>>> print(open('start.txt').read())   # compact mmCIF, C-alpha atoms
# COMPACT_ATOMS: atom_id res chain seq x y z
CA MET A 3 17.58 -20.45 -7.88
CA ASP A 4 18.19 -22.24 -11.15
CA LEU A 5 15.40 -24.60 -12.13
CA LYS A 6 15.76 -26.97 -15.02
CA LEU A 7 13.24 -29.03 -16.84
CA GLU A 8 14.24 -32.65 -16.79
CA LYS A 9 12.75 -35.17 -19.13
CA LEU A 10 11.82 -38.55 -17.87
CA ASP A 11 14.16 -41.23 -19.11
CA VAL A 12 12.24 -42.96 -21.91
CA ASP A 13 14.31 -46.14 -21.60
CA SER A 14 13.33 -46.60 -17.97
CA VAL A 15 9.71 -45.94 -18.90
CA GLU A 16 9.84 -48.57 -21.63
CA HIS A 17 11.55 -50.94 -19.22
CA ASN A 18 8.79 -50.40 -16.65
CA ALA A 19 6.07 -50.41 -19.30
CA GLY A 20 4.33 -53.27 -17.59
CA GLN A 21 3.92 -51.17 -14.44
CA MET A 22 2.71 -47.98 -16.17
CA PRO A 23 -1.04 -47.55 -16.64
CA PRO A 24 -2.19 -47.73 -20.27
CA TYR A 25 -3.64 -44.20 -20.30
CA ILE A 26 -0.24 -42.51 -19.89
CA ILE A 27 1.33 -41.46 -23.18
CA GLN A 28 5.02 -42.14 -22.89
CA SER A 29 6.10 -39.42 -25.30
CA ARG A 30 4.43 -36.82 -23.09
CA CYS A 31 6.07 -37.94 -19.85
CA GLU A 32 8.16 -35.06 -18.67
CA LEU A 33 8.65 -33.30 -15.40
CA ARG A 34 7.04 -29.87 -15.58
CA VAL A 35 8.46 -27.13 -13.38
CA THR A 36 7.39 -23.51 -13.54
CA ASP A 37 10.27 -21.07 -13.57
CA ASN A 38 9.23 -17.72 -15.08
CA SER A 39 11.15 -18.37 -18.32
CA LEU A 40 9.48 -18.41 -21.71
CA SER A 41 8.30 -21.83 -22.70
CA GLU A 42 8.48 -23.35 -26.11
CA ARG A 43 4.72 -22.89 -26.44
CA THR A 44 4.78 -19.07 -26.22
CA VAL A 45 2.51 -17.50 -28.82
CA THR A 46 4.55 -15.56 -31.32
CA ARG A 47 3.60 -12.10 -32.56
CA ALA A 48 2.69 -13.46 -36.01
CA ALA A 49 0.38 -16.06 -34.49
CA ALA A 50 -1.28 -13.43 -32.33
CA ASP A 51 -1.79 -11.20 -35.37
CA MET A 52 -3.35 -14.10 -37.25
CA ASN A 53 -5.66 -14.82 -34.32
CA ALA A 54 -6.74 -11.18 -34.24
CA LYS A 55 -7.37 -11.19 -37.99
CA PHE A 56 -9.39 -14.38 -37.67
CA VAL A 57 -11.53 -12.93 -34.88
CA PHE A 58 -12.06 -9.76 -36.92
CA ALA A 59 -13.11 -11.80 -39.97
CA VAL A 60 -15.58 -13.83 -37.89
CA LEU A 61 -17.09 -10.66 -36.41
CA ILE A 62 -17.51 -9.13 -39.88
CA ALA A 63 -19.14 -12.33 -41.15
CA MET A 64 -21.53 -12.32 -38.20
CA GLN A 65 -22.47 -8.70 -38.84
CA VAL A 66 -23.17 -9.40 -42.49
CA SER A 67 -25.28 -12.44 -41.66
CA MET A 68 -27.26 -10.48 -39.06
CA ALA A 69 -27.85 -7.65 -41.54
CA LEU A 70 -29.26 -10.12 -44.03
CA CYS A 71 -31.87 -11.47 -41.64
CA GLU A 72 -34.25 -8.54 -41.32
CA LEU A 73 -37.15 -8.95 -38.96
CA PRO A 74 -40.69 -8.28 -40.17
CA ALA A 75 -42.51 -5.25 -38.83
CA PRO A 76 -44.45 -5.90 -35.62
CA ASP A 77 -48.22 -6.11 -35.71
CA PRO A 78 -49.83 -2.66 -35.29
CA ASP A 79 -52.06 -3.90 -32.46
CA VAL A 80 -49.01 -5.14 -30.53
CA VAL A 81 -47.32 -1.76 -30.97
CA GLN A 82 -50.52 0.00 -29.89
CA LYS A 83 -50.83 -2.17 -26.75
CA TYR A 84 -47.18 -1.58 -25.91
CA ASP A 85 -47.49 2.19 -26.35
CA ASP A 86 -50.66 2.26 -24.21
CA MET A 87 -49.02 0.25 -21.42
CA LYS A 88 -45.90 2.44 -21.59
CA ALA A 89 -47.97 5.65 -21.35
CA THR A 90 -50.02 4.23 -18.46
CA PHE A 91 -46.89 3.22 -16.58
CA LYS A 92 -45.40 6.71 -17.08
CA ARG A 93 -48.60 8.23 -15.66
CA ARG A 94 -48.35 5.85 -12.69
CA LEU A 95 -44.77 6.97 -12.01
CA GLU A 96 -45.65 10.65 -12.40
CA ASN A 97 -48.58 10.24 -10.00
CA LEU A 98 -46.39 8.45 -7.47
CA PHE A 99 -43.69 11.12 -7.79
CA GLY A 100 -46.29 13.83 -7.25
CA LYS A 101 -47.52 12.10 -4.09
CA LEU A 102 -43.93 11.81 -2.83
CA LYS A 103 -43.36 15.53 -3.48
CA LEU A 104 -46.50 16.42 -1.51
CA ALA A 105 -45.42 14.18 1.37
CA ALA A 106 -41.93 15.70 1.36
CA ALA A 107 -43.31 19.26 1.32
CA ASP A 108 -44.32 18.86 4.98
CA ASN A 109 -40.70 18.26 5.98
CA PRO A 110 -38.82 21.47 6.94
CA ASN A 111 -35.54 20.13 5.50
CA THR A 112 -37.03 19.71 2.02
CA GLN A 113 -36.39 23.31 0.90
CA ALA A 114 -32.80 23.21 2.14
CA ALA A 115 -32.19 19.95 0.26
CA GLN A 116 -33.74 21.37 -2.94
CA ASP A 117 -31.57 24.50 -2.69
CA ALA A 118 -28.43 22.41 -2.13
CA ILE A 119 -29.19 20.28 -5.19
CA ALA A 120 -30.03 23.31 -7.34
CA ASN A 121 -26.77 25.08 -6.40
CA ASN A 122 -24.53 22.04 -6.91
CA GLU A 123 -22.63 22.22 -10.22
CA LYS A 124 -22.00 18.47 -10.24
CA VAL A 125 -25.74 17.75 -10.29
CA GLY A 126 -26.21 20.08 -13.28
CA THR A 127 -23.31 18.46 -15.13
CA ALA A 128 -24.66 14.99 -14.38
CA LYS A 129 -28.09 15.99 -15.72
CA GLU A 130 -26.51 17.29 -18.94
CA ILE A 131 -24.49 14.10 -19.40
CA ILE A 132 -27.49 11.86 -18.74
CA ASN A 133 -29.62 13.84 -21.21
CA ALA A 134 -26.91 13.63 -23.88
CA ILE A 135 -26.54 9.88 -23.38
CA ALA A 136 -30.32 9.44 -23.50
CA GLU A 137 -30.48 11.31 -26.81
CA GLU A 138 -27.68 9.20 -28.30
CA VAL A 139 -29.10 5.89 -27.10
CA ALA A 140 -32.74 6.60 -28.03
CA PRO A 141 -32.51 5.33 -31.66
CA VAL A 142 -30.76 2.14 -30.57
CA VAL A 143 -33.35 1.50 -27.86
CA ASP A 144 -36.17 2.18 -30.33
CA LYS A 145 -34.67 -0.26 -32.85
CA ALA A 146 -34.24 -2.92 -30.15
CA ARG A 147 -37.81 -2.35 -28.93
CA THR A 148 -39.17 -2.68 -32.45
CA GLY A 149 -37.13 -5.86 -32.97
CA MET A 150 -38.38 -7.41 -29.74
CA LEU A 151 -41.98 -6.52 -30.57
CA SER A 152 -41.62 -8.06 -34.02
CA VAL A 153 -40.09 -11.24 -32.58
CA TYR A 154 -42.93 -11.40 -30.04
CA SER A 155 -45.68 -10.83 -32.61
CA GLN A 156 -44.14 -13.19 -35.17
CA TYR A 157 -42.93 -16.11 -33.04
CA LEU A 158 -44.11 -15.89 -29.42
CA ARG A 159 -47.60 -14.40 -29.57
CA PRO A 160 -49.26 -17.48 -31.08
CA HIS A 161 -47.89 -19.61 -28.24
CA ILE A 162 -47.91 -17.43 -25.13
CA GLY A 163 -50.10 -14.45 -26.09
CA GLU A 164 -53.11 -15.32 -23.95
CA GLN A 165 -51.09 -16.26 -20.87
CA LEU A 166 -49.12 -13.02 -21.14
CA GLN A 167 -52.32 -10.99 -21.48
CA GLN A 168 -53.78 -12.69 -18.38
CA GLY A 169 -50.58 -11.94 -16.45
CA ILE A 170 -50.63 -8.30 -17.55
CA THR A 171 -54.26 -7.98 -16.47
CA LYS A 172 -53.45 -9.38 -13.01
CA ILE A 173 -50.44 -7.06 -12.64
CA LYS A 174 -52.58 -4.07 -13.71
CA SER A 175 -55.15 -4.85 -11.01
CA VAL A 176 -52.42 -4.89 -8.35
CA LEU A 177 -50.83 -1.69 -9.70
CA ASP A 178 -54.22 0.04 -9.72
CA GLN A 179 -54.40 -0.49 -5.96
CA VAL A 180 -50.77 0.28 -5.15
CA MET A 181 -49.82 2.85 -7.79
CA PRO A 182 -52.91 4.17 -9.62
CA ALA A 183 -52.47 5.96 -12.95
CA ASP A 184 -55.18 8.53 -12.24
CA LYS A 185 -54.92 11.08 -9.45
>>> encode(input="start.txt", output="structure tokens")
Amino acid sequence: MDLKLEKLDVDSVEHNAGQMPPYIIQSRCELRVTDNSLSERTVTRAAADMNAKFVFAVLIAMQVSMALCELPAPDPDVVQKYDDMKATFKRRLENLFGKLKLAAADNPNTQAAQDAIANNEKVGTAKEIINAIAEEVAPVVDKARTGMLSVYSQYLRPHIGEQLQQGITKIKSVLDQVMPADK
């Protein structure tokens, strides 16, 4: 099947100019048919290379500008509150996990499931991979945490500090009933 692109006859368009709406640009009037051949508007290799270089230059400029805007250190009391809440939440999870282990100990299938997991090589490999990833990601997470705490203490705390503290207090009271930190 041979498809051809045919241009609209400009003379007939000019002749019927009174009938054509004013928003149609006569120089762009052409019949467009898709036919799997390369169009005249195909991006050349040189243009693609220039686009890639431009994107690379913009990314480098953004990195430099982000490096120049260092955040101030977070307030020590904000860091202390965060560390306390983090430690309390870890204790809550450990307590909950301990209760789940005690509840599962009554089930006769628990020992068989533990043995199957302990003898599975894939589980051991997955644990090693997860631990390695956690070690690699820890500095990045710590830097992001410090940045977020500094943004909060510098910009957000004066505006939403009290409301956030009230919300945390309400959530703590619910968690104390559902998932207590102490055994």
>>> atom_distance(input="start.txt", atom1="CA of Ile170 (chain A)", atom2="CA of Ser155 (chain A)")
16.1 Å
>>> axis_aligned_box(input="start.txt", around="region 77-83 of chain A", padding_each_side="4 Å", output="lines of an AutoDock Vina configuration file")
center_x = -49.7
center_y = -3.1
center_z = -31.2
size_x = 12.7
size_y = 14.1
size_z = 17.0
>>> atom_distance(input="start.txt", atom1="CA of Gln82 (chain A)", atom2="CA of Pro182 (chain A)")
20.8 Å
>>> residues_around(input="start.txt", residues="Val153 (chain A)", least_positions_apart="5", cutoff="8 Å", atoms="only C-alpha atoms", output="ChimeraX atom specification")
/A:73,76,158
>>> write_last_selection(input="start.txt", atoms="C-alpha atoms", output="mmCIF file, in the frame of the given file")
data_model
loop_
_atom_site.group_PDB
_atom_site.id
_atom_site.type_symbol
_atom_site.label_atom_id
_atom_site.label_comp_id
_atom_site.auth_asym_id
_atom_site.auth_seq_id
_atom_site.Cartn_x
_atom_site.Cartn_y
_atom_site.Cartn_z
ATOM 1 C CA LEU A 73 -37.150 -8.950 -38.960
ATOM 2 C CA PRO A 76 -44.450 -5.900 -35.620
ATOM 3 C CA LEU A 158 -44.110 -15.890 -29.420
#
>>> closest_residue(input="start.txt", among="A:Asn97, A:Asn133, A:Gln167, A:Asn122", to="Lys185 (chain A)", atoms="only C-alpha atoms")
A:Asn97
>>> closest_residue(input="start.txt", among="A:Ala49, A:Leu98, A:Val143, A:Leu61", to="Leu177 (chain A)", atoms="only C-alpha atoms")
A:Leu98
>>> atom_distance(input="start.txt", atom1="CA of Lys92 (chain A)", atom2="CA of Ala183 (chain A)")
8.2 Å
>>> closest_residue(input="start.txt", among="A:Met52, A:Ala136, A:Met87, A:Val66", to="Thr171 (chain A)", atoms="all atoms listed in the file")
A:Met87
>>> residues_around(input="start.txt", residues="Arg147 (chain A)", least_positions_apart="3", cutoff="12 Å", atoms="all atoms listed in the file", output="MDAnalysis selection string")
chainID A and resid 75:76 80:81 84:85 88 140:144 150:154
>>> residues_around(input="start.txt", residues="Met181 (chain A)", least_positions_apart="2", cutoff="12 Å", atoms="only C-alpha atoms", output="mmCIF file with C-alpha atoms, keeping the file's coordinate frame")
data_model
loop_
_atom_site.group_PDB
_atom_site.id
_atom_site.type_symbol
_atom_site.label_atom_id
_atom_site.label_comp_id
_atom_site.auth_asym_id
_atom_site.auth_seq_id
_atom_site.Cartn_x
_atom_site.Cartn_y
_atom_site.Cartn_z
ATOM 1 C CA THR A 90 -50.020 4.230 -18.460
ATOM 2 C CA PHE A 91 -46.890 3.220 -16.580
ATOM 3 C CA LYS A 92 -45.400 6.710 -17.080
ATOM 4 C CA ARG A 93 -48.600 8.230 -15.660
ATOM 5 C CA ARG A 94 -48.350 5.850 -12.690
ATOM 6 C CA LEU A 95 -44.770 6.970 -12.010
ATOM 7 C CA GLU A 96 -45.650 10.650 -12.400
ATOM 8 C CA ASN A 97 -48.580 10.240 -10.000
ATOM 9 C CA LEU A 98 -46.390 8.450 -7.470
ATOM 10 C CA PHE A 99 -43.690 11.120 -7.790
ATOM 11 C CA GLY A 100 -46.290 13.830 -7.250
ATOM 12 C CA LYS A 101 -47.520 12.100 -4.090
ATOM 13 C CA LEU A 102 -43.930 11.810 -2.830
ATOM 14 C CA ILE A 173 -50.440 -7.060 -12.640
ATOM 15 C CA LYS A 174 -52.580 -4.070 -13.710
ATOM 16 C CA SER A 175 -55.150 -4.850 -11.010
ATOM 17 C CA VAL A 176 -52.420 -4.890 -8.350
ATOM 18 C CA LEU A 177 -50.830 -1.690 -9.700
ATOM 19 C CA ASP A 178 -54.220 0.040 -9.720
ATOM 20 C CA GLN A 179 -54.400 -0.490 -5.960
ATOM 21 C CA ALA A 183 -52.470 5.960 -12.950
ATOM 22 C CA ASP A 184 -55.180 8.530 -12.240
ATOM 23 C CA LYS A 185 -54.920 11.080 -9.450
#
